[in-house]
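Visitor: File model_2.cif follows (mmCIF, C-alpha atoms):
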```
data_work
loop_
_atom_site.label_atom_id
_atom_site.label_comp_id
_atom_site.auth_asym_id
_atom_site.auth_seq_id
_atom_site.Cartn_x
_atom_site.Cartn_y
_atom_site.Cartn_z
CA MET A 70 450.83 146.49 122.04
CA ALA A 71 453.06 144.43 119.75
CA ALA A 72 451.86 146.22 116.59
CA PRO A 73 453.08 149.74 117.57
CA VAL A 74 456.43 148.30 118.59
CA ARG A 75 456.84 146.63 115.20
CA GLN A 76 455.92 149.90 113.40
CA ALA A 77 458.53 151.83 115.44
CA ARG A 78 461.23 149.30 114.62
CA GLY A 79 460.37 149.53 110.95
CA LEU A 80 460.72 153.30 111.01
CA LEU A 81 464.10 153.04 112.72
CA ARG A 82 465.34 150.58 110.10
CA LEU A 83 464.11 152.94 107.33
CA ALA A 84 466.01 155.82 108.89
CA ASP A 85 469.20 153.75 109.08
CA THR A 86 468.79 152.82 105.42
CA PHE A 87 468.64 156.43 104.15
CA GLY A 88 471.45 157.51 106.43
CA ALA A 89 472.07 160.61 108.45
CA GLY A 90 472.61 162.83 105.43
CA SER A 91 468.99 162.56 104.31
CA ARG A 92 467.74 164.26 107.48
CA GLY A 93 469.68 167.44 106.65
CA TYR A 94 468.44 167.82 103.01
CA ARG A 95 466.98 171.19 102.08
CA ALA A 96 465.45 171.89 98.67
CA PRO A 97 466.96 174.86 96.81
CA PRO A 98 464.74 177.93 96.62
CA PRO A 99 463.02 178.69 93.30
CA PRO A 100 464.80 181.12 91.03
CA ARG A 101 463.91 184.71 91.78
CA ARG A 102 462.31 186.78 89.08
CA SER A 103 464.14 189.93 88.17
CA PRO A 104 462.43 193.02 89.57
CA GLY A 105 462.66 194.85 86.25
CA PRO A 106 461.88 193.92 82.65
CA TRP A 107 464.08 191.38 80.96
CA TRP A 108 464.79 191.47 77.26
CA PRO A 109 466.21 188.45 75.45
CA ASP A 110 469.31 188.58 73.31
CA PRO A 111 468.24 188.75 69.62
CA GLU A 112 471.65 187.45 68.57
CA ASN A 113 471.23 184.28 70.60
CA PRO A 114 469.99 181.47 68.31
CA LEU A 115 468.30 179.80 71.29
CA THR A 116 466.00 182.76 71.88
CA PRO A 117 462.38 181.89 71.02
CA ARG A 118 461.02 183.85 68.08
CA TRP A 119 457.93 185.03 69.94
CA GLN A 120 460.13 186.83 72.51
CA LEU A 121 461.44 189.06 69.72
CA GLY A 122 458.03 190.24 68.58
CA PRO A 123 455.32 192.60 69.81
CA ARG A 124 453.67 189.86 71.81
CA TYR A 125 456.58 189.70 74.29
CA ALA A 126 456.77 193.49 74.42
CA ALA A 127 453.08 193.65 75.33
CA LYS A 128 453.69 191.07 78.04
CA GLN A 129 456.52 193.14 79.52
CA PHE A 130 454.40 196.29 79.42
CA ALA A 131 451.53 194.46 81.13
CA ARG A 132 453.87 193.27 83.89
CA HIS A 133 456.08 196.32 84.46
CA GLY A 134 454.17 199.23 82.95
CA ASP A 135 456.21 202.30 82.02
CA ALA A 136 459.31 200.69 83.56
CA SER A 137 459.40 198.28 80.62
CA GLY A 138 460.26 201.12 78.26
CA VAL A 139 457.57 200.02 75.81
CA SER A 140 455.51 202.74 74.19
CA PRO A 141 451.79 202.01 74.57
CA GLY A 142 451.17 203.34 71.08
CA SER A 143 453.38 200.64 69.57
CA LEU A 144 451.12 197.99 71.04
CA TRP A 145 448.11 199.28 69.13
CA PRO A 146 447.44 197.32 65.91
CA SER A 147 448.37 198.92 62.61
CA ARG A 148 445.83 199.88 59.97
CA GLU A 149 446.37 196.62 58.11
CA GLN A 150 446.06 194.55 61.29
CA LEU A 151 442.97 196.51 62.32
CA SER A 152 441.38 195.90 58.90
CA GLU A 153 442.14 192.18 59.23
CA LEU A 154 440.61 192.11 62.72
CA GLU A 155 437.50 193.92 61.51
CA ALA A 156 437.15 191.53 58.55
CA GLU A 157 437.57 188.55 60.87
CA GLU A 158 434.98 190.00 63.23
CA ARG A 159 432.53 190.53 60.39
CA GLU A 160 433.06 186.96 59.21
CA TRP A 161 432.92 185.15 62.54
CA TYR A 162 430.87 187.58 64.62
CA PRO A 163 428.30 189.20 62.30
CA SER A 164 425.92 191.84 63.55
CA LEU A 165 422.32 191.15 64.49
CA ALA A 166 421.03 192.77 61.29
CA VAL A 167 423.31 190.62 59.14
CA MET A 168 422.26 187.48 61.03
CA GLN A 169 418.57 188.34 60.59
CA GLU A 170 419.07 189.02 56.88
CA SER A 171 420.95 185.73 56.45
CA LEU A 172 418.22 183.85 58.32
CA GLN A 173 415.53 185.47 56.21
CA ALA A 174 417.34 184.59 52.98
CA LYS A 175 417.74 181.01 54.17
CA GLN A 176 414.06 180.75 55.02
CA GLN A 177 413.08 182.19 51.62
CA ALA A 178 415.34 179.70 49.84
CA GLU A 179 413.82 176.82 51.79
CA GLU A 180 410.30 178.10 51.02
CA GLN A 181 411.07 178.36 47.30
CA LYS A 182 412.53 174.87 47.34
CA ARG A 183 409.43 173.54 49.06
CA LEU A 184 407.10 175.28 46.58
CA ALA A 185 409.12 173.96 43.63
CA ARG A 186 408.94 170.44 45.01
CA GLU A 187 405.19 170.71 45.56
CA GLN A 188 404.71 172.02 42.02
CA LEU A 189 406.78 169.15 40.61
CA ILE A 190 404.72 166.63 42.58
CA ALA A 191 401.49 168.24 41.38
CA GLU A 192 402.64 168.13 37.74
CA ARG A 193 403.66 164.49 37.99
CA MET A 194 400.41 163.57 39.72
CA ALA A 195 398.50 165.30 36.91
CA LYS A 196 400.43 163.20 34.37
CA MET A 197 399.96 160.01 36.35
CA PRO A 198 396.68 158.83 34.69
CA GLN A 199 398.17 159.27 31.20
CA MET A 200 401.37 157.52 32.28
CA ILE A 201 399.38 154.61 33.66
CA GLU A 202 397.35 154.44 30.46
CA ASP A 203 400.53 154.47 28.34
CA TRP A 204 402.05 151.75 30.49
CA ARG A 205 398.96 149.58 30.15
CA ARG A 206 398.92 150.16 26.39
CA GLN A 207 402.58 149.16 26.13
CA GLN A 208 401.94 146.06 28.18
CA ARG A 209 398.96 145.18 25.97
CA GLU A 210 400.93 145.76 22.78
CA ARG A 211 403.82 143.70 24.11
CA TRP A 212 401.45 140.86 25.01
CA GLU A 213 399.72 141.02 21.61
CA LYS A 214 403.07 140.98 19.85
CA ALA A 215 404.20 137.99 21.92
CA GLN A 216 400.97 136.18 21.12
CA ALA A 217 401.31 136.98 17.41
CA ASP A 218 404.90 135.72 17.41
CA LYS A 219 403.80 132.59 19.22
CA GLU A 220 401.01 131.93 16.74
CA ARG A 221 403.33 132.66 13.78
CA ARG A 222 405.91 130.29 15.22
CA ALA A 223 403.26 127.62 15.67
CA ARG A 224 402.09 128.04 12.04
CA LEU A 225 405.63 127.77 10.78
CA GLN A 226 406.26 124.63 12.81
CA ALA A 227 403.01 123.12 11.53
CA GLU A 228 404.02 123.94 7.96
CA ALA A 229 407.46 122.42 8.55
CA GLN A 230 405.89 119.25 9.93
CA GLU A 231 403.63 119.01 6.88
CA ARG A 232 406.67 119.24 4.62
CA LEU A 233 408.97 116.92 6.55
CA GLY A 234 406.38 114.64 8.06
CA TYR A 235 405.14 114.28 11.59
CA HIS A 236 407.73 111.62 12.37
CA VAL A 237 410.53 114.24 12.40
CA ASP A 238 411.60 115.49 15.83
CA PRO A 239 410.88 119.27 16.11
CA ARG A 240 414.13 119.59 18.09
CA SER A 241 416.25 118.22 15.25
CA THR A 242 418.62 120.45 13.29
CA ARG A 243 416.84 119.73 10.00
CA PHE A 244 413.50 120.82 11.43
CA GLN A 245 414.97 124.01 12.96
CA GLU A 246 416.72 124.95 9.71
CA LEU A 247 413.47 124.54 7.78
CA VAL A 248 411.63 126.73 10.30
CA GLN A 249 414.32 129.41 9.91
CA ASP A 250 414.00 129.26 6.13
CA LEU A 251 410.23 129.61 6.40
CA GLU A 252 410.69 132.61 8.71
CA LYS A 253 413.02 134.27 6.20
CA GLN A 254 410.51 133.68 3.40
CA GLN A 255 407.70 135.08 5.47
CA ARG A 256 409.72 138.20 6.40
CA LYS A 257 410.54 138.65 2.72
CA ARG A 258 406.86 138.42 1.76
CA LEU A 259 405.93 140.92 4.47
CA LYS A 260 408.62 143.32 3.28
CA GLU A 261 407.43 143.04 -0.32
CA GLU A 262 403.83 143.58 0.80
CA LYS A 263 404.80 146.75 2.68
CA GLN A 264 406.70 148.06 -0.32
CA ARG A 265 403.73 147.35 -2.58
CA GLN A 266 401.39 149.18 -0.23
CA LYS A 267 403.74 152.17 -0.10
CA LYS A 268 403.88 152.29 -3.92
CA GLU A 269 400.11 152.12 -4.18
CA ALA A 270 399.69 154.86 -1.58
CA ARG A 271 402.25 157.05 -3.39
CA ALA A 272 400.54 156.50 -6.73
CA ALA A 273 397.15 157.32 -5.22
CA ALA A 274 398.56 160.52 -3.70
CA LEU A 275 400.05 161.57 -7.07
CA ALA A 276 396.79 160.84 -8.87
CA ALA A 277 394.87 162.92 -6.36
CA ALA A 278 397.32 165.82 -6.73
CA VAL A 279 397.05 165.95 -10.59
CA PRO A 280 394.24 168.40 -11.57
CA GLN A 281 391.55 166.84 -13.71
CA ASP A 282 390.74 168.19 -17.23
CA PRO A 283 387.26 169.86 -17.32
CA ALA A 284 386.68 168.55 -20.83
CA THR A 285 387.15 164.95 -19.78
CA SER A 286 384.99 165.29 -16.67
#
```
Take the structure in this file and express it as structure tokens.
Guide:
Amino acid sequence: MAAPVRQARGLLRLADTFGAGSRGYRAPPPPRRSPGPWWPDPENPLTPRWQLGPRYAAKQFARHGDASGVSPGSLWPSREQLSELEAEEREWYPSLAVMQESLQAKQQAEEQKRLAREQLIAERMAKMPQMIEDWRRQQRERWEKAQADKERRARLQAEAQERLGYHVDPRSTRFQELVQDLEKQQRKRLKEEKQRQKKEARAAALAAAVPQDPATS
């Protein structure tokens, strides 16, 4: 019983707070829309731009009909606008035949791409045995060259130790300089040997090209 009494007292205090004037408040009615069409003032800088164009005229015609004074023919798009609309429709809303043709062209392009990829894979797989053989040959030649260089280096170091004596440290500067000199001499001898072989081969080719005299044969 005490709770409803306290709620009633609270409501009375709230009413006293707002005062007597709040009980007589009435909201103003919404502004009435003019019964006929309304056209904005084009000279007024506050007039929105869209109200001065065909869009607002179409809106007035849709609301008031012939009473708007708008000619229905003026609302129809011009030839340029109609061409733009048709081009936009063709671009964004193509016909079923165009969509089917585009889909078929896409499928053909994907099929050609797949066939080209399969052909490339087949060609590379056909070359794979030769590529593996070439790789193994290169690895073998590289290993043989490394072994030959290692053996040549060992022979040069042995020759350097014979010249300087076995008591010399192979890591010393004197020993390394002698090895480098021996390498230069060896490269020089190899170069001279190659040149000699080329001269002999050239001379043999010239001798074979000269016709022999029948009297001397």
Visitor: Considering only C-alpha atoms, can you say which of A:Asp250, A:Pro106, A:Glu153, A:Glu192 comes closest to Ala131 (chain A)?
Guide: A:Pro106
Visitor: Find the distance between CA of Lys219 (chain A) and CA of Gln249 (chain A) and write it in Å to one decimal.
Guide: 14.4 Å
Visitor: Just the number, please: distance in Å from CA of Gln120 (chain A) to CA of Trp107 (chain A), one decimal.
Guide: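 Computing the Euclidean distance for CA of Gln120 (chain A) and CA of Trp107 (chain A) yields 10.4 Å.
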Visitor: Report the distance between CA of Gln208 (chain A) and CA of Glu252 (chain A) in Å, rounded to one decimal place.
Guide: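 That distance, rounded to one decimal, is 25.2 Å.
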Visitor: Got a sec: who's within 10 Å of Trp145 (chain A), counting only C-alpha atoms, leaving out chain neighbours fewer than 4 positions off, as a list in words?
Guide: Pro123, Ala127, Ser140, Pro141, Gln150 and Leu151 of chain A
Visitor: Translate the PyMOL selection byres ((chain A and resi 226) around 9), as applied to the file shown, into an explicit residue set as a list in words.
Guide: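 This file, filtered by the PyMOL selection byres ((chain A and resi 226) around 9), leaves Arg221, Arg222, Ala223, Arg224, Leu225, Ala227, Glu228, Ala229, Gln230, Glu231, Pro239, Phe244, Gln245, Leu247 and Val248 of chain A.
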Visitor: Since we have the selection now, will you write its residues out, keeping C-alpha atoms, as a PDB file, in the coordinates of the input?
Guide:
```
ATOM      1  CA  ARG A 221     403.330 132.660  13.780  1.00  0.00           C
ATOM      2  CA  ARG A 222     405.910 130.290  15.220  1.00  0.00           C
ATOM      3  CA  ALA A 223     403.260 127.620  15.670  1.00  0.00           C
ATOM      4  CA  ARG A 224     402.090 128.040  12.040  1.00  0.00           C
ATOM      5  CA  LEU A 225     405.630 127.770  10.780  1.00  0.00           C
ATOM      6  CA  ALA A 227     403.010 123.120  11.530  1.00  0.00           C
ATOM      7  CA  GLU A 228     404.020 123.940   7.960  1.00  0.00           C
ATOM      8  CA  ALA A 229     407.460 122.420   8.550  1.00  0.00           C
ATOM      9  CA  GLN A 230     405.890 119.250   9.930  1.00  0.00           C
ATOM     10  CA  GLU A 231     403.630 119.010   6.880  1.00  0.00           C
ATOM     11  CA  PRO A 239     410.880 119.270  16.110  1.00  0.00           C
ATOM     12  CA  PHE A 244     413.500 120.820  11.430  1.00  0.00           C
ATOM     13  CA  GLN A 245     414.970 124.010  12.960  1.00  0.00           C
ATOM     14  CA  LEU A 247     413.470 124.540   7.780  1.00  0.00           C
ATOM     15  CA  VAL A 248     411.630 126.730  10.300  1.00  0.00           C
TER      16      VAL A 248
END
```
Visitor: Please fill the gaps in region 161-172 of chain A so it has all heavy atoms, and write that as an mmCIF file, in the coordinates of the input.
Guide:
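Listed below is the output, out_23.cif:
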```cif
data_model
loop_
_atom_site.group_PDB
_atom_site.id
_atom_site.type_symbol
_atom_site.label_atom_id
_atom_site.label_comp_id
_atom_site.auth_asym_id
_atom_site.auth_seq_id
_atom_site.Cartn_x
_atom_site.Cartn_y
_atom_site.Cartn_z
ATOM 1 N N TRP A 161 433.218 186.100 61.470
ATOM 2 C CA TRP A 161 432.920 185.150 62.540
ATOM 3 C C TRP A 161 431.932 185.679 63.562
ATOM 4 O O TRP A 161 431.313 184.896 64.273
ATOM 5 C CB TRP A 161 434.208 184.736 63.241
ATOM 6 C CG TRP A 161 435.136 183.992 62.343
ATOM 7 C CD1 TRP A 161 436.235 184.471 61.716
ATOM 8 C CD2 TRP A 161 435.016 182.629 61.937
ATOM 9 N NE1 TRP A 161 436.831 183.504 60.957
ATOM 10 C CE2 TRP A 161 436.111 182.351 61.075
ATOM 11 C CE3 TRP A 161 434.116 181.605 62.220
ATOM 12 C CZ2 TRP A 161 436.304 181.105 60.493
ATOM 13 C CZ3 TRP A 161 434.321 180.367 61.643
ATOM 14 C CH2 TRP A 161 435.392 180.135 60.797
ATOM 15 N N TYR A 162 431.797 186.986 63.649
ATOM 16 C CA TYR A 162 430.870 187.580 64.620
ATOM 17 C C TYR A 162 430.026 188.635 63.918
ATOM 18 O O TYR A 162 430.209 189.839 64.112
ATOM 19 C CB TYR A 162 431.637 188.215 65.793
ATOM 20 C CG TYR A 162 432.576 187.252 66.479
ATOM 21 C CD1 TYR A 162 433.943 187.267 66.193
ATOM 22 C CD2 TYR A 162 432.108 186.327 67.395
ATOM 23 C CE1 TYR A 162 434.811 186.375 66.805
ATOM 24 C CE2 TYR A 162 432.963 185.431 68.012
ATOM 25 C CZ TYR A 162 434.316 185.461 67.714
ATOM 26 O OH TYR A 162 435.169 184.590 68.327
ATOM 27 N N PRO A 163 429.111 188.211 63.033
ATOM 28 C CA PRO A 163 428.300 189.200 62.300
ATOM 29 C C PRO A 163 427.325 189.910 63.238
ATOM 30 O O PRO A 163 426.993 189.434 64.324
ATOM 31 C CB PRO A 163 427.555 188.327 61.276
ATOM 32 C CG PRO A 163 427.511 186.965 61.891
ATOM 33 C CD PRO A 163 428.772 186.827 62.681
ATOM 34 N N SER A 164 426.865 191.056 62.757
ATOM 35 C CA SER A 164 425.920 191.840 63.550
ATOM 36 C C SER A 164 424.541 191.191 63.535
ATOM 37 O O SER A 164 424.263 190.258 62.770
ATOM 38 C CB SER A 164 425.846 193.266 62.993
ATOM 39 O OG SER A 164 425.368 193.233 61.648
ATOM 40 N N LEU A 165 423.669 191.704 64.392
ATOM 41 C CA LEU A 165 422.320 191.150 64.490
ATOM 42 C C LEU A 165 421.552 191.349 63.190
ATOM 43 O O LEU A 165 420.813 190.461 62.742
ATOM 44 C CB LEU A 165 421.573 191.795 65.658
ATOM 45 C CG LEU A 165 420.135 191.319 65.893
ATOM 46 C CD1 LEU A 165 420.100 189.828 66.188
ATOM 47 C CD2 LEU A 165 419.499 192.109 67.038
ATOM 48 N N ALA A 166 421.734 192.518 62.548
ATOM 49 C CA ALA A 166 421.030 192.770 61.290
ATOM 50 C C ALA A 166 421.486 191.808 60.203
ATOM 51 O O ALA A 166 420.676 191.278 59.434
ATOM 52 C CB ALA A 166 421.257 194.226 60.849
ATOM 53 N N VAL A 167 422.791 191.549 60.146
ATOM 54 C CA VAL A 167 423.310 190.620 59.140
ATOM 55 C C VAL A 167 422.804 189.204 59.410
ATOM 56 O O VAL A 167 422.435 188.461 58.486
ATOM 57 C CB VAL A 167 424.846 190.661 59.135
ATOM 58 C CG1 VAL A 167 425.410 189.596 58.214
ATOM 59 C CG2 VAL A 167 425.333 192.032 58.704
ATOM 60 N N MET A 168 422.762 188.800 60.688
ATOM 61 C CA MET A 168 422.260 187.480 61.030
ATOM 62 C C MET A 168 420.789 187.335 60.672
ATOM 63 O O MET A 168 420.352 186.301 60.149
ATOM 64 C CB MET A 168 422.487 187.215 62.521
ATOM 65 C CG MET A 168 423.956 187.103 62.917
ATOM 66 S SD MET A 168 424.192 186.935 64.692
ATOM 67 C CE MET A 168 423.389 185.358 64.986
ATOM 68 N N GLN A 169 419.987 188.383 60.941
ATOM 69 C CA GLN A 169 418.570 188.340 60.590
ATOM 70 C C GLN A 169 418.375 188.273 59.078
ATOM 71 O O GLN A 169 417.522 187.529 58.581
ATOM 72 C CB GLN A 169 417.863 189.558 61.167
ATOM 73 C CG GLN A 169 417.734 189.548 62.687
ATOM 74 C CD GLN A 169 417.081 190.804 63.220
ATOM 75 O OE1 GLN A 169 416.938 191.798 62.500
ATOM 76 N NE2 GLN A 169 416.687 190.771 64.490
ATOM 77 N N GLU A 170 419.179 189.052 58.342
ATOM 78 C CA GLU A 170 419.070 189.020 56.880
ATOM 79 C C GLU A 170 419.463 187.652 56.336
ATOM 80 O O GLU A 170 418.808 187.128 55.424
ATOM 81 C CB GLU A 170 419.971 190.101 56.295
ATOM 82 C CG GLU A 170 419.879 190.214 54.784
ATOM 83 C CD GLU A 170 420.760 191.329 54.245
ATOM 84 O OE1 GLU A 170 421.396 192.024 55.071
ATOM 85 O OE2 GLU A 170 420.819 191.497 53.009
ATOM 86 N N SER A 171 420.528 187.066 56.890
ATOM 87 C CA SER A 171 420.950 185.730 56.450
ATOM 88 C C SER A 171 419.886 184.691 56.764
ATOM 89 O O SER A 171 419.591 183.805 55.947
ATOM 90 C CB SER A 171 422.267 185.366 57.114
ATOM 91 O OG SER A 171 422.656 184.063 56.769
ATOM 92 N N LEU A 172 419.278 184.789 57.948
ATOM 93 C CA LEU A 172 418.220 183.850 58.320
ATOM 94 C C LEU A 172 417.012 183.998 57.419
ATOM 95 O O LEU A 172 416.410 183.000 56.997
ATOM 96 C CB LEU A 172 417.851 184.059 59.783
ATOM 97 C CG LEU A 172 416.756 183.147 60.345
ATOM 98 C CD1 LEU A 172 417.171 181.688 60.273
ATOM 99 C CD2 LEU A 172 416.431 183.524 61.793
#
```
